[in-house]
Amino acid sequence: MITVAWDVSDDHDQYMAAYQLHMRHRGRWLVMWAPGARVFFAFYRGRAHVVPLSEPTSQELHRQILRTETSLATTEPAYWSCPSSACSWTSSTPTDHHCPWPPG
């Protein structure tokens with residue numbers, strides 16, 4: 001059996017940074033800290049195919065998210081669509097959408 005001398009509390013700052021970044025981009029991106037990989041990941045929740053983003057710091061990931069959103073805004077007809085199949089909301093600008101429908 002392999003024992004790892006690590007505890008979730010060791011990465012409290014990284015988890016909080018991931019949470020704050022997730023809340024800043026909620027609805028458009030799922031952001032998380034991956035302790036095994038020691039990087040932050042962001043998964044795009046819109047209709048466009050975007051390869052998951054990863055960076056070693058939350059600041060770098062935030063900059064990469066903004067660059068990706070800028071690229072999407074210039075190449076995609078709609079900036080973002082609600083992930084809920086029951087909702088038809090779309091936007092051509094980066095705007096939070098508080099949908100009453102559950103995702104799916």
# chains A, B, ... in the order shown; residues from 1 in each chain; ligands from 1
call {"tool": "residues_around", "arguments": {"residues": "stretch 19-28 of chain A", "least_positions_apart": "3", "cutoff": "6 Å", "atoms": "only C-alpha atoms", "output": "mmCIF file with C-alpha atoms, in the first residue's frame"}}
result
data_model
loop_
_atom_site.group_PDB
_atom_site.id
_atom_site.type_symbol
_atom_site.label_atom_id
_atom_site.label_comp_id
_atom_site.auth_asym_id
_atom_site.auth_seq_id
_atom_site.Cartn_x
_atom_site.Cartn_y
_atom_site.Cartn_z
ATOM 1 C CA MET A 16 -10.335 28.730 -2.619
ATOM 2 C CA VAL A 31 -13.195 25.535 -12.727
ATOM 3 C CA ARG A 45 -19.896 24.736 -20.718
#
call {"tool": "atom_distance", "arguments": {"atom1": "atom CA of A:Pro35", "atom2": "atom CA of A:Asp10"}}
result
9.6 Å
call {"tool": "closest_residue", "arguments": {"among": "A:Ala17, A:Cys99, A:Ile65, A:Ala34", "to": "A:Val51", "atoms": "only C-alpha atoms"}}
result
A:Ile65
call {"tool": "select_by_dssp", "arguments": {"residues": "stretch 6-46 of chain A", "states": "alpha helix (DSSP H)", "output": "PDB file with C-alpha atoms, in the first residue's frame"}}
result
ATOM      1  CA  HIS A  12      -6.766  25.210   0.952  1.00  0.00           C
ATOM      2  CA  ASP A  13      -5.513  28.294  -0.918  1.00  0.00           C
ATOM      3  CA  GLN A  14      -5.676  26.522  -4.291  1.00  0.00           C
ATOM      4  CA  TYR A  15      -9.206  25.241  -3.639  1.00  0.00           C
ATOM      5  CA  MET A  16     -10.335  28.730  -2.619  1.00  0.00           C
ATOM      6  CA  ALA A  17      -8.724  30.261  -5.712  1.00  0.00           C
ATOM      7  CA  ALA A  18     -10.489  27.677  -7.911  1.00  0.00           C
ATOM      8  CA  TYR A  19     -13.805  28.412  -6.190  1.00  0.00           C
ATOM      9  CA  GLN A  20     -13.404  32.168  -6.647  1.00  0.00           C
ATOM     10  CA  LEU A  21     -12.485  31.752 -10.315  1.00  0.00           C
ATOM     11  CA  HIS A  22     -15.406  29.364 -10.805  1.00  0.00           C
ATOM     12  CA  MET A  23     -17.810  31.883  -9.257  1.00  0.00           C
ATOM     13  CA  ARG A  24     -16.402  34.658 -11.439  1.00  0.00           C
TER      14      ARG A  24
END
call {"tool": "closest_residue", "arguments": {"among": "A:Cys87, A:Arg63, A:Val50, A:Asp11", "to": "A:Arg38", "atoms": "only C-alpha atoms"}}
result
A:Asp11
call {"tool": "atom_distance", "arguments": {"atom1": "atom CA of A:Trp33", "atom2": "atom CA of A:Ser91"}}
result
27.9 Å
call {"tool": "atom_distance", "arguments": {"atom1": "atom CA of A:Leu30", "atom2": "atom CA of A:Phe43"}}
result
5.0 Å
call {"tool": "decode", "arguments": {"residues": "stretch 42-74 of chain A", "atoms": "N, CA and C atoms", "output": "JSON list (two decimals), in the first residue's frame"}}
result
[["chain", "number", "residue", "atom", "x", "y", "z"],
["A", 42, "ALA", "N", -10.12, 24.31, -16.33],
["A", 42, "ALA", "CA", -11.38, 24.98, -16.67],
["A", 42, "ALA", "C", -12.01, 24.22, -17.84],
["A", 43, "PHE", "N", -13.28, 23.90, -17.69],
["A", 43, "PHE", "CA", -14.04, 23.19, -18.71],
["A", 43, "PHE", "C", -15.15, 24.10, -19.21],
["A", 44, "TYR", "N", -15.16, 24.37, -20.51],
["A", 44, "TYR", "CA", -16.14, 25.26, -21.10],
["A", 44, "TYR", "C", -17.50, 24.58, -21.14],
["A", 45, "ARG", "N", -18.56, 25.30, -20.79],
["A", 45, "ARG", "CA", -19.90, 24.74, -20.72],
["A", 45, "ARG", "C", -20.80, 25.18, -21.87],
["A", 46, "GLY", "N", -20.26, 25.90, -22.82],
["A", 46, "GLY", "CA", -21.05, 26.34, -23.96],
["A", 46, "GLY", "C", -21.11, 25.29, -25.05],
["A", 47, "ARG", "N", -21.67, 25.65, -26.18],
["A", 47, "ARG", "CA", -21.85, 24.70, -27.28],
["A", 47, "ARG", "C", -20.60, 24.48, -28.12],
["A", 48, "ALA", "N", -19.72, 25.45, -28.15],
["A", 48, "ALA", "CA", -18.49, 25.31, -28.95],
["A", 48, "ALA", "C", -17.59, 24.25, -28.34],
["A", 49, "HIS", "N", -16.83, 23.57, -29.19],
["A", 49, "HIS", "CA", -15.88, 22.57, -28.69],
["A", 49, "HIS", "C", -14.62, 23.30, -28.25],
["A", 50, "VAL", "N", -14.35, 23.26, -26.96],
["A", 50, "VAL", "CA", -13.16, 23.90, -26.40],
["A", 50, "VAL", "C", -12.41, 22.84, -25.59],
["A", 51, "VAL", "N", -11.15, 22.63, -25.93],
["A", 51, "VAL", "CA", -10.33, 21.69, -25.19],
["A", 51, "VAL", "C", -10.18, 22.22, -23.76],
["A", 52, "PRO", "N", -10.27, 21.35, -22.74],
["A", 52, "PRO", "CA", -10.12, 21.84, -21.37],
["A", 52, "PRO", "C", -8.82, 22.64, -21.20],
["A", 53, "LEU", "N", -8.93, 23.72, -20.46],
["A", 53, "LEU", "CA", -7.78, 24.59, -20.20],
["A", 53, "LEU", "C", -7.12, 24.16, -18.91],
["A", 54, "SER", "N", -5.81, 24.32, -18.82],
["A", 54, "SER", "CA", -5.11, 24.03, -17.57],
["A", 54, "SER", "C", -3.91, 24.95, -17.44],
["A", 55, "GLU", "N", -3.68, 25.40, -16.21],
["A", 55, "GLU", "CA", -2.56, 26.27, -15.90],
["A", 55, "GLU", "C", -2.13, 26.02, -14.45],
["A", 56, "PRO", "N", -0.87, 26.28, -14.13],
["A", 56, "PRO", "CA", -0.40, 26.04, -12.76],
["A", 56, "PRO", "C", -0.89, 27.07, -11.73],
["A", 57, "THR", "N", -1.33, 28.25, -12.19],
["A", 57, "THR", "CA", -1.85, 29.25, -11.25],
["A", 57, "THR", "C", -3.23, 29.70, -11.68],
["A", 58, "SER", "N", -4.02, 30.15, -10.72],
["A", 58, "SER", "CA", -5.37, 30.62, -11.03],
["A", 58, "SER", "C", -5.32, 31.89, -11.88],
["A", 59, "GLN", "N", -4.31, 32.74, -11.68],
["A", 59, "GLN", "CA", -4.19, 33.96, -12.47],
["A", 59, "GLN", "C", -3.93, 33.63, -13.94],
["A", 60, "GLU", "N", -3.06, 32.65, -14.18],
["A", 60, "GLU", "CA", -2.78, 32.25, -15.56],
["A", 60, "GLU", "C", -4.02, 31.62, -16.20],
["A", 61, "LEU", "N", -4.75, 30.82, -15.42],
["A", 61, "LEU", "CA", -5.97, 30.20, -15.95],
["A", 61, "LEU", "C", -7.01, 31.27, -16.28],
["A", 62, "HIS", "N", -7.14, 32.27, -15.41],
["A", 62, "HIS", "CA", -8.08, 33.36, -15.67],
["A", 62, "HIS", "C", -7.74, 34.07, -16.98],
["A", 63, "ARG", "N", -6.45, 34.36, -17.20],
["A", 63, "ARG", "CA", -6.03, 35.00, -18.45],
["A", 63, "ARG", "C", -6.34, 34.10, -19.65],
["A", 64, "GLN", "N", -6.12, 32.80, -19.51],
["A", 64, "GLN", "CA", -6.40, 31.87, -20.61],
["A", 64, "GLN", "C", -7.91, 31.80, -20.89],
["A", 65, "ILE", "N", -8.72, 31.82, -19.84],
["A", 65, "ILE", "CA", -10.18, 31.84, -20.03],
["A", 65, "ILE", "C", -10.59, 33.09, -20.81],
["A", 66, "LEU", "N", -10.06, 34.23, -20.42],
["A", 66, "LEU", "CA", -10.40, 35.48, -21.11],
["A", 66, "LEU", "C", -9.97, 35.46, -22.57],
["A", 67, "ARG", "N", -8.77, 34.93, -22.84],
["A", 67, "ARG", "CA", -8.31, 34.81, -24.23],
["A", 67, "ARG", "C", -9.23, 33.88, -25.03],
["A", 68, "THR", "N", -9.63, 32.77, -24.41],
["A", 68, "THR", "CA", -10.51, 31.83, -25.09],
["A", 68, "THR", "C", -11.87, 32.45, -25.36],
["A", 69, "GLU", "N", -12.42, 33.18, -24.38],
["A", 69, "GLU", "CA", -13.71, 33.84, -24.57],
["A", 69, "GLU", "C", -13.64, 34.88, -25.68],
["A", 70, "THR", "N", -12.54, 35.61, -25.75],
["A", 70, "THR", "CA", -12.36, 36.59, -26.82],
["A", 70, "THR", "C", -12.33, 35.89, -28.17],
["A", 71, "SER", "N", -11.62, 34.78, -28.24],
["A", 71, "SER", "CA", -11.57, 34.01, -29.48],
["A", 71, "SER", "C", -12.95, 33.48, -29.86],
["A", 72, "LEU", "N", -13.67, 32.96, -28.88],
["A", 72, "LEU", "CA", -15.02, 32.45, -29.15],
["A", 72, "LEU", "C", -15.95, 33.56, -29.63],
["A", 73, "ALA", "N", -15.82, 34.74, -29.04],
["A", 73, "ALA", "CA", -16.69, 35.86, -29.40],
["A", 73, "ALA", "C", -16.47, 36.29, -30.85],
["A", 74, "THR", "N", -15.28, 36.07, -31.37],
["A", 74, "THR", "CA", -15.00, 36.49, -32.75],
["A", 74, "THR", "C", -15.24, 35.37, -33.75]]
